[in-house]
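Asker: Sharing data.cif, mmCIF, C-alpha atoms:
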```cif
data_query
loop_
_atom_site.group_PDB
_atom_site.id
_atom_site.type_symbol
_atom_site.label_atom_id
_atom_site.label_comp_id
_atom_site.auth_asym_id
_atom_site.auth_seq_id
_atom_site.Cartn_x
_atom_site.Cartn_y
_atom_site.Cartn_z
ATOM 1 C CA MET A 91 -23.347 -35.157 36.361
ATOM 2 C CA TYR A 92 -19.630 -34.534 36.521
ATOM 3 C CA SER A 93 -17.520 -36.306 39.029
ATOM 4 C CA ASP A 94 -14.935 -34.541 41.160
ATOM 5 C CA TRP A 95 -12.181 -36.147 39.095
ATOM 6 C CA SER A 96 -13.352 -34.686 35.821
ATOM 7 C CA VAL A 97 -13.577 -31.165 37.307
ATOM 8 C CA LEU A 98 -10.112 -31.592 38.794
ATOM 9 C CA THR A 99 -8.752 -32.867 35.477
ATOM 10 C CA LEU A 100 -10.358 -29.986 33.601
ATOM 11 C CA GLY A 101 -8.885 -27.436 36.045
ATOM 12 C CA LEU A 102 -5.456 -29.064 35.785
ATOM 13 C CA ALA A 103 -5.612 -29.006 31.991
ATOM 14 C CA ALA A 104 -6.604 -25.314 31.992
ATOM 15 C CA THR A 105 -3.711 -24.504 34.345
ATOM 16 C CA VAL A 106 -1.261 -26.400 32.105
ATOM 17 C CA PHE A 107 -2.492 -24.561 28.980
ATOM 18 C CA ILE A 108 -2.157 -21.147 30.714
ATOM 19 C CA TRP A 109 1.334 -22.068 31.897
ATOM 20 C CA LEU A 110 2.286 -23.189 28.376
ATOM 21 C CA GLY A 111 0.979 -19.874 27.003
ATOM 22 C CA ILE A 112 3.109 -17.893 29.473
ATOM 23 C CA LEU A 113 6.191 -19.961 28.618
ATOM 24 C CA THR A 114 5.525 -19.498 24.887
ATOM 25 C CA ILE A 115 5.412 -15.701 25.301
ATOM 26 C CA ILE A 116 8.660 -15.697 27.325
ATOM 27 C CA ILE A 117 10.463 -17.885 24.760
ATOM 28 C CA TRP A 118 9.141 -15.740 21.889
ATOM 29 C CA LYS A 119 10.482 -12.563 23.575
ATOM 30 C CA GLN A 120 13.874 -14.233 24.136
ATOM 31 C CA GLY A 121 13.975 -15.260 20.487
ATOM 32 C CA ASN A 122 13.246 -11.707 19.352
ATOM 33 C CA PHE A 123 15.991 -10.407 21.636
ATOM 34 C CA ILE A 124 18.523 -12.885 20.193
ATOM 35 C CA LYS A 125 17.442 -11.915 16.651
ATOM 36 C CA SER A 126 18.017 -8.248 17.481
ATOM 37 C CA LEU A 127 21.512 -9.059 18.757
ATOM 38 C CA PHE A 128 22.457 -11.152 15.744
ATOM 39 C CA PRO A 129 20.673 -10.099 12.547
ATOM 40 C CA LYS A 130 20.607 -12.648 9.709
ATOM 41 C CA SER A 131 22.970 -10.590 7.550
ATOM 42 C CA GLY A 132 25.691 -10.368 10.238
ATOM 43 C CA GLU A 133 27.954 -12.942 11.787
ATOM 44 C CA ARG A 134 26.768 -14.756 14.875
ATOM 45 C CA ASP A 135 29.938 -14.223 16.911
ATOM 46 C CA ILE A 136 29.334 -13.101 20.500
ATOM 47 C CA ARG A 137 32.877 -11.654 20.815
ATOM 48 C CA LYS A 138 32.276 -9.257 17.944
ATOM 49 C CA LYS A 139 28.973 -8.227 19.479
ATOM 50 C CA PHE A 140 30.704 -7.500 22.811
ATOM 51 C CA GLU A 141 33.333 -5.437 20.977
ATOM 52 C CA GLU A 142 30.548 -3.395 19.352
ATOM 53 C CA VAL A 143 28.931 -2.825 22.728
ATOM 54 C CA ILE A 144 32.265 -1.770 24.284
ATOM 55 C CA GLU A 145 32.891 0.672 21.396
ATOM 56 C CA THR A 146 29.448 2.164 21.871
ATOM 57 C CA VAL A 147 29.994 2.559 25.610
ATOM 58 C CA ASP A 148 33.389 4.197 24.959
ATOM 59 C CA LYS A 149 31.740 6.680 22.572
ATOM 60 C CA PHE A 150 29.149 7.516 25.209
ATOM 61 C CA ASN A 151 31.902 8.008 27.783
ATOM 62 C CA LEU A 152 33.709 10.430 25.444
ATOM 63 C CA SER A 153 30.484 12.337 24.875
ATOM 64 C CA LEU A 154 29.864 12.425 28.607
ATOM 65 C CA ASP A 155 33.378 13.790 29.247
ATOM 66 C CA LYS A 156 32.760 16.530 26.670
ATOM 67 C CA LEU A 157 29.465 17.397 28.330
ATOM 68 C CA HIS A 158 31.167 17.580 31.738
ATOM 69 C CA SER A 159 33.831 19.968 30.414
ATOM 70 C CA LYS A 160 31.175 22.159 28.757
ATOM 71 C CA LEU A 161 29.147 22.175 31.959
ATOM 72 C CA ASN A 162 32.187 23.196 34.009
ATOM 73 C CA HIS A 163 32.897 25.997 31.529
ATOM 74 C CA LEU A 164 29.281 27.214 31.708
ATOM 75 C CA GLU A 165 29.296 27.101 35.505
ATOM 76 C CA GLY A 166 32.449 29.221 35.565
ATOM 77 C CA ALA A 167 31.023 31.676 33.056
ATOM 78 C CA SER A 168 27.719 31.937 34.917
ATOM 79 C CA LEU A 169 29.456 33.373 37.977
ATOM 80 C CA GLY A 170 29.920 36.607 36.000
ATOM 81 C CA HIS A 171 26.223 36.961 35.087
ATOM 82 C CA ILE A 172 23.766 39.065 37.028
ATOM 83 C CA GLN A 173 22.368 36.805 39.725
ATOM 84 C CA ARG A 174 21.719 39.103 42.660
ATOM 85 C CA ILE A 175 19.237 41.941 42.344
ATOM 86 C CA GLY A 176 18.055 44.364 44.975
ATOM 87 C CA LEU A 177 15.617 47.259 44.631
ATOM 88 C CA ILE A 178 14.655 49.966 47.085
ATOM 89 C CA ARG A 179 12.403 52.979 46.621
ATOM 90 C CA PHE A 180 12.796 56.070 48.760
ATOM 91 C CA ASN A 181 12.091 59.791 49.050
ATOM 92 C CA PRO A 182 15.393 61.762 49.115
ATOM 93 C CA TYR A 183 13.868 65.256 49.366
ATOM 94 C CA GLU A 184 11.249 66.548 51.753
ATOM 95 C CA ASP A 185 9.657 68.841 49.176
ATOM 96 C CA THR A 186 8.555 66.017 46.869
ATOM 97 C CA GLY A 187 5.923 63.433 47.645
ATOM 98 C CA GLY A 188 6.004 59.678 47.236
ATOM 99 C CA ASN A 189 8.827 57.209 46.916
ATOM 100 C CA ILE A 190 9.611 57.933 43.286
ATOM 101 C CA SER A 191 13.397 57.724 43.599
ATOM 102 C CA PHE A 192 15.031 54.305 43.610
ATOM 103 C CA SER A 193 18.287 52.383 43.806
ATOM 104 C CA ILE A 194 18.814 49.036 42.127
ATOM 105 C CA ALA A 195 21.806 46.747 42.611
ATOM 106 C CA LEU A 196 22.744 44.383 39.773
ATOM 107 C CA LEU A 197 25.431 41.995 41.032
ATOM 108 C CA ASP A 198 26.983 38.699 40.012
ATOM 109 C CA GLN A 199 27.513 35.727 42.331
ATOM 110 C CA LYS A 200 30.666 37.269 43.834
ATOM 111 C CA GLY A 201 29.007 40.625 44.529
ATOM 112 C CA ASN A 202 30.547 42.470 41.581
ATOM 113 C CA GLY A 203 28.405 44.768 39.470
ATOM 114 C CA LEU A 204 26.791 48.163 39.758
ATOM 115 C CA VAL A 205 24.240 50.228 41.594
ATOM 116 C CA LEU A 206 21.905 52.497 39.634
ATOM 117 C CA THR A 207 20.266 55.309 41.539
ATOM 118 C CA SER A 208 17.592 57.642 40.256
ATOM 119 C CA LEU A 209 16.893 60.767 42.328
ATOM 120 C CA HIS A 210 13.632 62.464 41.451
ATOM 121 C CA GLY A 211 13.110 66.060 42.492
ATOM 122 C CA ARG A 212 11.057 69.073 41.410
ATOM 123 C CA ALA A 213 13.867 70.350 39.185
ATOM 124 C CA GLY A 214 14.278 67.018 37.396
ATOM 125 C CA THR A 215 15.545 63.475 37.669
ATOM 126 C CA ARG A 216 19.187 62.504 37.978
ATOM 127 C CA VAL A 217 20.595 59.023 37.421
ATOM 128 C CA PHE A 218 23.848 57.782 38.940
ATOM 129 C CA ALA A 219 25.738 54.549 38.372
ATOM 130 C CA LYS A 220 28.400 53.309 40.772
ATOM 131 C CA GLY A 221 30.596 50.251 40.511
ATOM 132 C CA VAL A 222 30.556 47.568 43.214
ATOM 133 C CA VAL A 223 33.292 45.007 43.859
ATOM 134 C CA GLU A 224 32.622 42.161 46.298
ATOM 135 C CA GLY A 225 29.700 44.053 47.798
ATOM 136 C CA LYS A 226 31.632 47.289 48.454
ATOM 137 C CA ALA A 227 31.952 50.613 46.656
ATOM 138 C CA GLN A 228 34.615 50.579 43.952
ATOM 139 C CA LYS A 229 35.456 54.217 43.207
ATOM 140 C CA TYR A 230 32.621 56.376 44.534
ATOM 141 C CA GLU A 231 31.174 56.266 48.031
ATOM 142 C CA LEU A 232 27.726 54.670 48.322
ATOM 143 C CA SER A 233 24.796 56.465 49.945
ATOM 144 C CA LYS A 234 22.912 54.812 52.808
ATOM 145 C CA GLU A 235 20.156 53.685 50.390
ATOM 146 C CA GLU A 236 22.737 52.231 48.011
ATOM 147 C CA ILE A 237 24.462 50.382 50.857
ATOM 148 C CA GLU A 238 21.075 49.016 51.901
ATOM 149 C CA VAL A 239 20.206 47.847 48.381
ATOM 150 C CA VAL A 240 23.605 46.124 48.002
ATOM 151 C CA LYS A 241 23.053 44.307 51.312
ATOM 152 C CA LYS A 242 19.575 43.343 50.134
ATOM 153 C CA ALA A 243 20.982 41.933 46.870
ATOM 154 C CA MET A 244 23.738 40.003 48.663
ATOM 155 C CA GLU A 245 21.246 38.158 50.912
#
```
Spit out the file's structure as structure tokens when you get a sec.

Answerer:
Amino acid sequence: MYSDWSVLTLGLAATVFIWLGILTIIIWKQGNFIKSLFPKSGERDIRKKFEEVIETVDKFNLSLDKLHSKLNHLEGASLGHIQRIGLIRFNPYEDTGGNISFSIALLDQKGNGLVLTSLHGRAGTRVFAKGVVEGKAQKYELSKEEIEVVKKAME
């Protein structure tokens, strides 16, 4: 039927056509890229195109610098937000049952903030707030539970 030469020639021709198809696609993509760089309405000067690219990069650099300064400002401001929280429940009186009383520490990154304590007894509930600076009592002495909750929040 077919000789070995005709099969070989047919295979070689198929390989050449596939290769030509691949090259055609590559050249077509390159042509589209060049058209996108230099539209028909504009001048075809590569120096002007480079100047446009440099201007665009400079604008991005300015925007990036602004973002960096805003980020630094936000990082500085975030140090003053509540970031450390500790909670402990306890029973301060022997005549009441359950751990209904609690202390909660609300501190920023540096350990500044406050401790809220609620003492529940038969006669009623009392709430106390005490300031904390760098993990230590500011004006009023902290109870052992409040000291514990501040340590818990600072961990």

Asker: One decimal, Å: what's the distance from atom CA of Ser233 of chain A over to atom CA of Pro182 of chain A, could you say?

Answerer: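 Atom-to-atom, atom CA of Ser233 of chain A to atom CA of Pro182 of chain A, that is 10.8 Å.
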
Asker: Any chance you could resolve the PyMOL selection byres ((chain A and resi 208-217) around 6) against this file and give the residues as a ChimeraX atom specification?

Answerer: /A:191-192,207,218

Asker: Near segment 223-232 of chain A, counting all atoms listed in the file, which residues have an atom at most 7 Å away, once you skip same-chain residues fewer than 4 positions from it, shown as an NGL selection string?

Answerer: :A and (200-203 or 236-237 or 240)

Asker: So what do you get for atom CA of Gln199 of chain A versus atom CA of Glu245 of chain A, distance-wise?

Answerer: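 Atom CA of Glu245 of chain A lies at a distance of 10.9 Å from atom CA of Gln199 of chain A.
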
Asker: Dump as a Markdown table the rows for residues of segment 183-245 of chain A within 7 Å of segment 155-179 of chain A: closest atom pair and distance in Å with one decimal, only C-alpha atoms counted, ordered by chain and rising residue number.

Answerer:
```
| residue | atom | partner | partner_atom | distance |
| --- | --- | --- | --- | --- |
| A:Asn189 | CA | A:Arg179 | CA | 5.5 |
| A:Ile190 | CA | A:Arg179 | CA | 6.6 |
| A:Ser191 | CA | A:Arg179 | CA | 5.7 |
| A:Phe192 | CA | A:Arg179 | CA | 4.2 |
| A:Ser193 | CA | A:Ile178 | CA | 5.5 |
| A:Ile194 | CA | A:Leu177 | CA | 4.4 |
| A:Ala195 | CA | A:Gly176 | CA | 5.0 |
| A:Leu196 | CA | A:Ile175 | CA | 5.0 |
| A:Leu197 | CA | A:Arg174 | CA | 5.0 |
| A:Asp198 | CA | A:Ile172 | CA | 4.4 |
| A:Gln199 | CA | A:Leu169 | CA | 5.3 |
| A:Val239 | CA | A:Gly176 | CA | 5.3 |
| A:Val240 | CA | A:Gly176 | CA | 6.6 |
| A:Lys242 | CA | A:Gly176 | CA | 5.5 |
| A:Ala243 | CA | A:Gly176 | CA | 4.3 |
| A:Met244 | CA | A:Arg174 | CA | 6.4 |
```
